[in-house]
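Structure file model_23.cif with mmCIF, C-alpha atoms:
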```cif
data_input
loop_
_atom_site.label_atom_id
_atom_site.label_comp_id
_atom_site.auth_asym_id
_atom_site.auth_seq_id
_atom_site.Cartn_x
_atom_site.Cartn_y
_atom_site.Cartn_z
CA MET A 1 0.00 0.00 0.00
CA THR A 2 1.27 3.45 -0.89
CA LYS A 3 1.71 5.62 2.16
CA ARG A 4 0.22 8.93 1.18
CA THR A 5 -0.17 10.22 4.69
CA THR A 6 2.46 12.73 5.73
CA VAL A 7 3.82 11.73 9.09
CA ASN A 8 5.70 14.13 11.29
CA SER A 9 8.88 12.87 12.86
CA ASP A 10 9.70 13.21 16.57
CA LYS A 11 12.12 16.05 15.78
CA GLN A 12 9.32 18.06 14.24
CA SER A 13 7.07 17.61 17.21
CA SER A 14 6.41 20.58 19.45
CA LYS A 15 7.27 20.25 23.13
CA LYS A 16 5.20 23.30 24.05
CA LEU A 17 2.54 22.93 26.72
CA PRO A 18 -0.86 22.42 25.04
CA LYS A 19 -3.26 25.40 25.01
CA HIS A 20 -5.82 23.76 27.31
CA MET A 21 -3.13 23.01 29.91
CA ARG A 22 -1.82 26.57 29.75
CA ARG A 23 -5.40 27.80 30.25
CA TYR A 24 -5.86 25.49 33.23
CA LEU A 25 -2.53 26.39 34.84
CA THR A 26 -3.27 30.11 34.44
CA ARG A 27 -6.64 29.66 36.14
CA LEU A 28 -5.05 27.50 38.85
CA GLY A 29 -2.37 30.12 39.47
CA LEU A 30 -4.95 32.89 39.66
CA GLY A 31 -7.12 30.85 42.03
CA LEU A 32 -4.23 29.95 44.33
CA GLY A 33 -2.93 33.55 44.29
CA PHE A 34 -6.32 34.98 45.27
CA TYR A 35 -6.79 32.24 47.86
CA GLY A 36 -3.43 33.00 49.50
CA ALA A 37 -4.16 36.73 49.52
CA MET A 38 -7.72 36.30 50.85
CA LEU A 39 -6.68 33.79 53.51
CA GLY A 40 -3.79 35.94 54.75
CA GLY A 41 -5.87 39.13 54.65
CA SER A 42 -8.86 37.54 56.39
CA ILE A 43 -6.76 36.05 59.20
CA VAL A 44 -5.08 39.40 59.85
CA ALA A 45 -8.43 41.25 59.71
CA ILE A 46 -10.20 38.83 62.07
CA ASN A 47 -7.32 38.88 64.58
CA LYS A 48 -6.65 42.61 64.54
CA LEU A 49 -10.07 44.18 63.96
CA ASP A 50 -13.38 44.03 65.77
CA LEU A 51 -15.58 42.84 62.91
CA THR A 52 -19.32 42.29 62.78
CA PHE A 53 -20.82 38.87 62.00
CA GLN A 54 -21.80 40.04 58.51
CA ILE A 55 -18.26 41.11 57.65
CA LYS A 56 -16.79 37.89 59.09
CA ALA A 57 -19.28 35.82 57.06
CA THR A 58 -18.46 37.81 53.92
CA LEU A 59 -14.72 37.26 54.48
CA ALA A 60 -15.35 33.51 54.93
CA VAL A 61 -17.26 33.27 51.65
CA LEU A 62 -14.69 35.40 49.80
CA THR A 63 -11.84 33.21 51.09
CA ALA A 64 -13.64 30.09 49.87
CA ALA A 65 -14.53 31.65 46.49
CA PRO A 66 -11.09 31.05 44.85
CA ILE A 67 -11.34 27.36 45.79
CA VAL A 68 -14.73 27.20 44.05
CA PHE A 69 -13.05 28.91 41.08
CA ILE A 70 -10.32 26.20 41.07
CA ILE A 71 -13.00 23.47 41.14
CA TRP A 72 -14.64 25.19 38.15
CA ALA A 73 -11.23 25.35 36.36
CA ILE A 74 -10.80 21.59 36.87
CA SER A 75 -14.29 20.94 35.46
CA GLN A 76 -13.42 23.10 32.42
CA LEU A 77 -10.21 21.14 31.89
CA LEU A 78 -12.09 17.83 32.00
CA ALA A 79 -14.72 19.16 29.57
CA ASP A 80 -12.07 20.50 27.15
CA PRO A 81 -12.23 18.57 23.85
CA GLU A 82 -8.52 19.32 23.26
CA MET A 83 -7.47 17.33 26.32
CA ASP A 84 -5.94 13.92 25.64
CA GLU A 85 -8.74 11.38 26.15
CA PHE A 86 -6.54 8.86 27.97
CA GLU A 87 -5.25 11.49 30.41
CA LYS A 88 -8.84 12.67 30.87
CA MET A 89 -9.94 9.13 31.72
CA ILE A 90 -7.09 8.80 34.26
CA MET A 91 -8.00 12.16 35.83
CA VAL A 92 -11.71 11.28 36.02
CA ARG A 93 -10.96 7.93 37.65
CA CYS A 94 -8.57 9.52 40.16
CA SER A 95 -11.19 12.19 40.95
CA LEU A 96 -13.85 9.54 41.53
CA TYR A 97 -11.63 7.48 43.85
CA ALA A 98 -10.49 10.64 45.70
CA THR A 99 -14.10 11.84 46.06
CA GLY A 100 -15.13 8.43 47.37
CA LEU A 101 -12.31 8.46 49.92
CA VAL A 102 -13.14 12.03 51.05
CA LEU A 103 -16.81 11.10 51.45
CA THR A 104 -15.80 8.00 53.42
CA VAL A 105 -13.57 10.02 55.76
CA ALA A 106 -16.26 12.70 56.19
CA THR A 107 -18.99 10.15 56.96
CA VAL A 108 -16.90 8.08 59.38
CA TRP A 109 -15.54 11.18 61.12
CA GLY A 110 -19.04 12.64 61.35
CA PHE A 111 -20.27 9.62 63.30
CA LEU A 112 -17.11 9.61 65.42
CA GLU A 113 -17.81 13.24 66.36
CA ASN A 114 -21.41 12.43 67.31
CA PHE A 115 -20.96 9.06 69.00
CA ALA A 116 -17.42 9.12 70.39
CA GLU A 117 -17.01 12.88 70.80
CA VAL A 118 -13.68 12.99 68.97
CA GLY A 119 -12.34 16.43 67.98
CA ARG A 120 -13.97 18.38 65.15
CA PHE A 121 -12.49 17.94 61.71
CA PRO A 122 -12.23 21.35 59.97
CA LEU A 123 -14.41 21.14 56.86
CA TYR A 124 -12.18 23.49 54.84
CA MET A 125 -9.57 20.71 54.96
CA MET A 126 -11.77 18.55 52.69
CA PHE A 127 -10.34 20.19 49.55
CA PRO A 128 -6.67 19.62 50.47
CA LEU A 129 -7.64 16.11 51.61
CA PHE A 130 -9.18 15.45 48.18
CA TRP A 131 -5.84 16.34 46.52
CA ILE A 132 -3.89 14.20 48.98
CA PHE A 133 -6.07 11.22 48.04
CA PHE A 134 -5.84 12.20 44.35
CA GLY A 135 -2.03 12.09 44.63
CA ILE A 136 -2.13 8.70 46.35
CA VAL A 137 -4.47 7.00 43.86
CA ASN A 138 -2.90 8.56 40.73
CA PRO A 139 0.12 6.20 40.46
CA LEU A 140 -2.12 3.23 41.36
CA VAL A 141 -4.60 4.04 38.59
CA ARG A 142 -1.77 4.63 36.08
CA ARG A 143 -0.12 1.31 37.00
CA ARG A 144 -3.19 -0.55 35.76
CA PHE A 145 -2.61 0.78 32.24
CA LYS A 146 1.12 -0.03 31.97
CA MET B 1 -10.03 -4.82 22.85
CA LYS B 2 -7.23 -6.48 20.89
CA ASN B 3 -5.64 -4.53 18.07
CA ARG B 4 -2.82 -4.57 15.54
CA LEU B 5 -1.54 -1.09 16.31
CA HIS B 6 1.87 -2.25 17.53
CA VAL B 7 2.44 -4.38 14.40
CA LEU B 8 1.23 -1.66 12.02
CA ARG B 9 3.40 0.92 13.75
CA ALA B 10 6.45 -1.37 13.67
CA GLU B 11 5.90 -2.03 9.93
CA ARG B 12 6.17 1.71 9.31
CA ARG B 13 9.06 2.07 11.76
CA TRP B 14 7.23 4.72 13.71
CA SER B 15 7.98 5.24 17.36
CA GLN B 16 5.11 5.58 19.84
CA GLY B 17 6.04 9.25 20.06
CA ILE B 18 5.69 9.80 16.29
CA LEU B 19 2.33 8.01 16.22
CA ALA B 20 1.11 9.96 19.25
CA GLU B 21 2.19 13.26 17.69
CA ASN B 22 0.36 12.50 14.45
CA LEU B 23 -2.80 11.46 16.25
CA GLY B 24 -2.65 14.41 18.64
CA VAL B 25 -2.61 12.22 21.74
CA SER B 26 -0.09 11.38 24.46
CA ARG B 27 2.51 8.61 24.09
CA GLN B 28 0.91 7.00 27.16
CA SER B 29 -2.36 6.75 25.21
CA ILE B 30 -0.62 4.83 22.41
CA ASN B 31 1.04 2.50 24.89
CA ALA B 32 -2.25 1.81 26.69
CA ILE B 33 -4.07 1.17 23.38
CA GLU B 34 -1.31 -1.12 22.08
CA THR B 35 -1.34 -3.24 25.23
CA GLY B 36 -5.13 -3.54 24.93
CA LYS B 37 -5.67 -1.90 28.32
CA TYR B 38 -7.45 1.13 26.93
CA ASP B 39 -10.02 1.27 24.13
CA PRO B 40 -9.85 4.49 22.12
CA SER B 41 -12.93 6.60 21.53
CA LEU B 42 -14.68 6.28 18.17
CA PRO B 43 -13.23 9.60 16.89
CA LEU B 44 -9.70 8.46 17.81
CA ALA B 45 -10.29 5.04 16.21
CA PHE B 46 -11.30 6.83 12.99
CA LYS B 47 -8.16 9.00 13.18
CA ILE B 48 -6.04 5.86 13.54
CA SER B 49 -7.88 4.28 10.63
CA ARG B 50 -7.24 7.32 8.42
CA LEU B 51 -3.56 7.53 9.40
CA PHE B 52 -2.93 3.87 8.56
CA GLU B 53 -5.29 4.05 5.53
CA MET B 54 -7.06 0.90 6.68
CA PRO B 55 -10.62 0.15 7.81
CA ILE B 56 -11.15 0.19 11.57
CA GLU B 57 -12.03 -3.51 11.67
CA GLU B 58 -8.62 -4.36 10.19
CA ILE B 59 -6.90 -2.58 13.06
CA PHE B 60 -9.19 -3.42 15.97
CA ASP B 61 -10.35 -6.94 16.68
CA ASP B 62 -14.04 -7.31 17.37
CA GLU B 63 -13.85 -10.06 19.98
CA PHE B 64 -17.61 -10.65 20.01
CA GLU B 65 -17.54 -11.46 16.30
CA ALA B 66 -14.50 -13.70 16.80
CA MET B 67 -16.40 -15.65 19.46
CA ASP B 68 -19.32 -16.26 17.06
CA GLU B 69 -17.06 -17.71 14.40
#
```
Is it possible to express this structure as structure tokens?
Amino acid sequence: MTKRTTVNSDKQSSKKLPKHMRRYLTRLGLGLGFYGAMLGGSIVAINKLDLTFQIKATLAVLTAAPIVFIIWAISQLLADPEMDEFEKMIMVRCSLYATGLVLTVATVWGFLENFAEVGRFPLYMMFPLFWIFFGIVNPLVRRRFK
Amino acid sequence: MKNRLHVLRAERRWSQGILAENLGVSRQSINAIETGKYDPSLPLAFKISRLFEMPIEEIFDDEFEAMDE
């Protein structure tokens, strides 16, 4: 069979970060930057100033807002048609396992708090916990495809 | 799903990297498809078919059909 298809060699290939990843990393950077600034600012304001409940509640929501933005950025990355479908599948699986583990920890700890009166688990730690579990399951999920 | 991607690629002396680049996917995707651990989506299967200038069923083995035979 005559090979009419032009095939690029490895040397021709571009090593640049794909557009969708650059978009995601920009959003992630923005989200983390605002989160750091809001968290630092809010802690200082709450410790140094005599704030009303309304202002404290507003600061709490504003501090959480960049995290919601990061969750949105992740959902946009997963919905991006340019993203490599295999990598997308790995990321979706890792997210599902991590979500399952976070829900398990939250449920078990919730009953421990009620029944055994163990210390309160700060709910804002659920997001970092999700990424810890994501990091743990990632190599395990990838190993299944090697 | 079984497939002949590794053989077809070897016949053309393409590395996994070259094939991945031409299909617009990661090298890990090619490796997972070749080992039969990951089934490509229909659009990617068509891309592979066009690149190798072969019908999809000559690249991917329909195991259900093979069982009927």
As a check of understanding: the span from CA of Met1 in chain B to CA of Phe60 in chain B is 7.1 Å
For Pro139 in chain A, the closest of A:Trp72, A:Cys94, A:Phe115, A:Leu123 counting only C-alpha atoms is A:Cys94
Output of the PyMOL selection byres ((chain B) within 12 of (chain A)), listed as a PyMOL selection string:
chain B and resi 9+11-45+47-54
Keeping only C-alpha atoms, write the selected residues as a PDB file, in the coordinates of the input.
```pdb
ATOM      1  CA  ARG B   9       3.400   0.920  13.750  1.00  0.00           C
ATOM      2  CA  GLU B  11       5.900  -2.030   9.930  1.00  0.00           C
ATOM      3  CA  ARG B  12       6.170   1.710   9.310  1.00  0.00           C
ATOM      4  CA  ARG B  13       9.060   2.070  11.760  1.00  0.00           C
ATOM      5  CA  TRP B  14       7.230   4.720  13.710  1.00  0.00           C
ATOM      6  CA  SER B  15       7.980   5.240  17.360  1.00  0.00           C
ATOM      7  CA  GLN B  16       5.110   5.580  19.840  1.00  0.00           C
ATOM      8  CA  GLY B  17       6.040   9.250  20.060  1.00  0.00           C
ATOM      9  CA  ILE B  18       5.690   9.800  16.290  1.00  0.00           C
ATOM     10  CA  LEU B  19       2.330   8.010  16.220  1.00  0.00           C
ATOM     11  CA  ALA B  20       1.110   9.960  19.250  1.00  0.00           C
ATOM     12  CA  GLU B  21       2.190  13.260  17.690  1.00  0.00           C
ATOM     13  CA  ASN B  22       0.360  12.500  14.450  1.00  0.00           C
ATOM     14  CA  LEU B  23      -2.800  11.460  16.250  1.00  0.00           C
ATOM     15  CA  GLY B  24      -2.650  14.410  18.640  1.00  0.00           C
ATOM     16  CA  VAL B  25      -2.610  12.220  21.740  1.00  0.00           C
ATOM     17  CA  SER B  26      -0.090  11.380  24.460  1.00  0.00           C
ATOM     18  CA  ARG B  27       2.510   8.610  24.090  1.00  0.00           C
ATOM     19  CA  GLN B  28       0.910   7.000  27.160  1.00  0.00           C
ATOM     20  CA  SER B  29      -2.360   6.750  25.210  1.00  0.00           C
ATOM     21  CA  ILE B  30      -0.620   4.830  22.410  1.00  0.00           C
ATOM     22  CA  ASN B  31       1.040   2.500  24.890  1.00  0.00           C
ATOM     23  CA  ALA B  32      -2.250   1.810  26.690  1.00  0.00           C
ATOM     24  CA  ILE B  33      -4.070   1.170  23.380  1.00  0.00           C
ATOM     25  CA  GLU B  34      -1.310  -1.120  22.080  1.00  0.00           C
ATOM     26  CA  THR B  35      -1.340  -3.240  25.230  1.00  0.00           C
ATOM     27  CA  GLY B  36      -5.130  -3.540  24.930  1.00  0.00           C
ATOM     28  CA  LYS B  37      -5.670  -1.900  28.320  1.00  0.00           C
ATOM     29  CA  TYR B  38      -7.450   1.130  26.930  1.00  0.00           C
ATOM     30  CA  ASP B  39     -10.020   1.270  24.130  1.00  0.00           C
ATOM     31  CA  PRO B  40      -9.850   4.490  22.120  1.00  0.00           C
ATOM     32  CA  SER B  41     -12.930   6.600  21.530  1.00  0.00           C
ATOM     33  CA  LEU B  42     -14.680   6.280  18.170  1.00  0.00           C
ATOM     34  CA  PRO B  43     -13.230   9.600  16.890  1.00  0.00           C
ATOM     35  CA  LEU B  44      -9.700   8.460  17.810  1.00  0.00           C
ATOM     36  CA  ALA B  45     -10.290   5.040  16.210  1.00  0.00           C
ATOM     37  CA  LYS B  47      -8.160   9.000  13.180  1.00  0.00           C
ATOM     38  CA  ILE B  48      -6.040   5.860  13.540  1.00  0.00           C
ATOM     39  CA  SER B  49      -7.880   4.280  10.630  1.00  0.00           C
ATOM     40  CA  ARG B  50      -7.240   7.320   8.420  1.00  0.00           C
ATOM     41  CA  LEU B  51      -3.560   7.530   9.400  1.00  0.00           C
ATOM     42  CA  PHE B  52      -2.930   3.870   8.560  1.00  0.00           C
ATOM     43  CA  GLU B  53      -5.290   4.050   5.530  1.00  0.00           C
ATOM     44  CA  MET B  54      -7.060   0.900   6.680  1.00  0.00           C
TER      45      MET B  54
END
```
| said: For a quick check of understanding, using all atoms listed in the file, which of A:Ile46, A:Met38, A:Leu112, A:Leu28 has the smallest distance to Ala64 in chain A? | reply: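 Checking each candidate against Ala64 in chain A, we get A:Met38 as the closest.
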Using all atoms listed in the file, determine which residues lie at most 10 Å from Gly135 in chain A, disregarding the query and same-chain residues fewer than 6 positions distant; provide the list as a list in words. Cys94, Ser95, Ala98 and Leu129 of chain A
Work out how far CA of Gly33 in chain A is from CA of Gln54 in chain A, in Å to one decimal.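 CA of Gly33 in chain A lies 24.5 Å from CA of Gln54 in chain A.
Proximity to Thr99 in chain A at 12 Å, evaluated using all atoms listed in the file and with sequence-adjacent residues fewer than 2 positions away removed, yields Met91, Val92, Arg93, Cys94, Ser95, Leu96, Tyr97, Leu101, Val102, Leu103, Thr104, Val105, Ala106, Met126, Phe127, Pro128, Leu129, Phe130, Trp131, Ile132, Phe133, Phe134 and Val137 of chain A.
Closest approach to Ala79 in chain A among A:Leu140, A:His20, A:Gly40, A:Leu30 is made by A:His20 (distances from all atoms listed in the file).
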message: the PyMOL selection byres ((chain B and resi 59) around 6) - which residues does that actually catch in the file I just gave you? List them as a ChimeraX atom specification.
response: /B:3-4,56-58,60
Check your understanding: Hey, what's within 12 Å of Thr63 in chain A if we count only C-alpha atoms and toss same-chain stuff fewer than 6 positions away? As a list in words, please?
Key ->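 Those residues are Gly31, Leu32, Gly33, Phe34, Tyr35, Gly36, Ala37, Met38, Leu39, Gly40, Gly41, Ser42, Ile43, Lys56, Ala57, Phe69 and Tyr124 of chain A.
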Take the PyMOL selection byres ((chain A and resi 22-27) around 8), apply it to the structure above, and return the hits as a list in words.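 Given this file, the PyMOL selection byres ((chain A and resi 22-27) around 8) evaluates to Leu17, Pro18, Lys19, His20, Met21, Leu28, Gly29, Leu30, Gly31, Ile70, Ala73, Ile74, Gln76 and Leu77 of chain A.
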>> Just to confirm, what's the straight-line distance from CA of Ile71 in chain A to CA of Thr52 in chain A in Å (one decimal)?
In response: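 Taking CA of Ile71 in chain A and CA of Thr52 in chain A, their separation equals 29.4 Å.
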Mind filling out range 102-115 of chain A with N, CA and C atoms and sending it as a PDB file, in the frame of the given file?
```
ATOM      1  N   VAL A 102     -12.792  10.840  50.248  1.00  0.00           N
ATOM      2  CA  VAL A 102     -13.140  12.030  51.050  1.00  0.00           C
ATOM      3  C   VAL A 102     -14.520  11.839  51.680  1.00  0.00           C
ATOM      4  N   LEU A 103     -15.467  11.336  50.919  1.00  0.00           N
ATOM      5  CA  LEU A 103     -16.810  11.100  51.450  1.00  0.00           C
ATOM      6  C   LEU A 103     -16.779  10.059  52.569  1.00  0.00           C
ATOM      7  N   THR A 104     -15.938   9.039  52.398  1.00  0.00           N
ATOM      8  CA  THR A 104     -15.800   8.000  53.420  1.00  0.00           C
ATOM      9  C   THR A 104     -15.265   8.605  54.719  1.00  0.00           C
ATOM     10  N   VAL A 105     -14.176   9.389  54.575  1.00  0.00           N
ATOM     11  CA  VAL A 105     -13.570  10.020  55.760  1.00  0.00           C
ATOM     12  C   VAL A 105     -14.587  10.940  56.436  1.00  0.00           C
ATOM     13  N   ALA A 106     -15.295  11.750  55.631  1.00  0.00           N
ATOM     14  CA  ALA A 106     -16.260  12.700  56.190  1.00  0.00           C
ATOM     15  C   ALA A 106     -17.389  11.979  56.936  1.00  0.00           C
ATOM     16  N   THR A 107     -17.884  10.892  56.348  1.00  0.00           N
ATOM     17  CA  THR A 107     -18.990  10.150  56.960  1.00  0.00           C
ATOM     18  C   THR A 107     -18.547   9.482  58.261  1.00  0.00           C
ATOM     19  N   VAL A 108     -17.397   8.783  58.193  1.00  0.00           N
ATOM     20  CA  VAL A 108     -16.900   8.080  59.380  1.00  0.00           C
ATOM     21  C   VAL A 108     -16.593   9.083  60.496  1.00  0.00           C
ATOM     22  N   TRP A 109     -15.902  10.175  60.120  1.00  0.00           N
ATOM     23  CA  TRP A 109     -15.540  11.180  61.120  1.00  0.00           C
ATOM     24  C   TRP A 109     -16.779  11.862  61.704  1.00  0.00           C
ATOM     25  N   GLY A 110     -17.790  12.045  60.879  1.00  0.00           N
ATOM     26  CA  GLY A 110     -19.040  12.640  61.350  1.00  0.00           C
ATOM     27  C   GLY A 110     -19.679  11.817  62.455  1.00  0.00           C
ATOM     28  N   PHE A 111     -19.706  10.498  62.259  1.00  0.00           N
ATOM     29  CA  PHE A 111     -20.270   9.620  63.300  1.00  0.00           C
ATOM     30  C   PHE A 111     -19.373   9.568  64.527  1.00  0.00           C
ATOM     31  N   LEU A 112     -18.039   9.613  64.284  1.00  0.00           N
ATOM     32  CA  LEU A 112     -17.110   9.610  65.420  1.00  0.00           C
ATOM     33  C   LEU A 112     -17.316  10.859  66.284  1.00  0.00           C
ATOM     34  N   GLU A 113     -17.562  11.991  65.621  1.00  0.00           N
ATOM     35  CA  GLU A 113     -17.810  13.240  66.360  1.00  0.00           C
ATOM     36  C   GLU A 113     -19.074  13.127  67.216  1.00  0.00           C
ATOM     37  N   ASN A 114     -20.123  12.521  66.619  1.00  0.00           N
ATOM     38  CA  ASN A 114     -21.410  12.430  67.310  1.00  0.00           C
ATOM     39  C   ASN A 114     -21.434  11.358  68.389  1.00  0.00           C
ATOM     40  N   PHE A 115     -20.867  10.195  68.077  1.00  0.00           N
ATOM     41  CA  PHE A 115     -20.960   9.060  69.000  1.00  0.00           C
ATOM     42  C   PHE A 115     -19.815   9.029  70.013  1.00  0.00           C
TER      43      PHE A 115
END
```
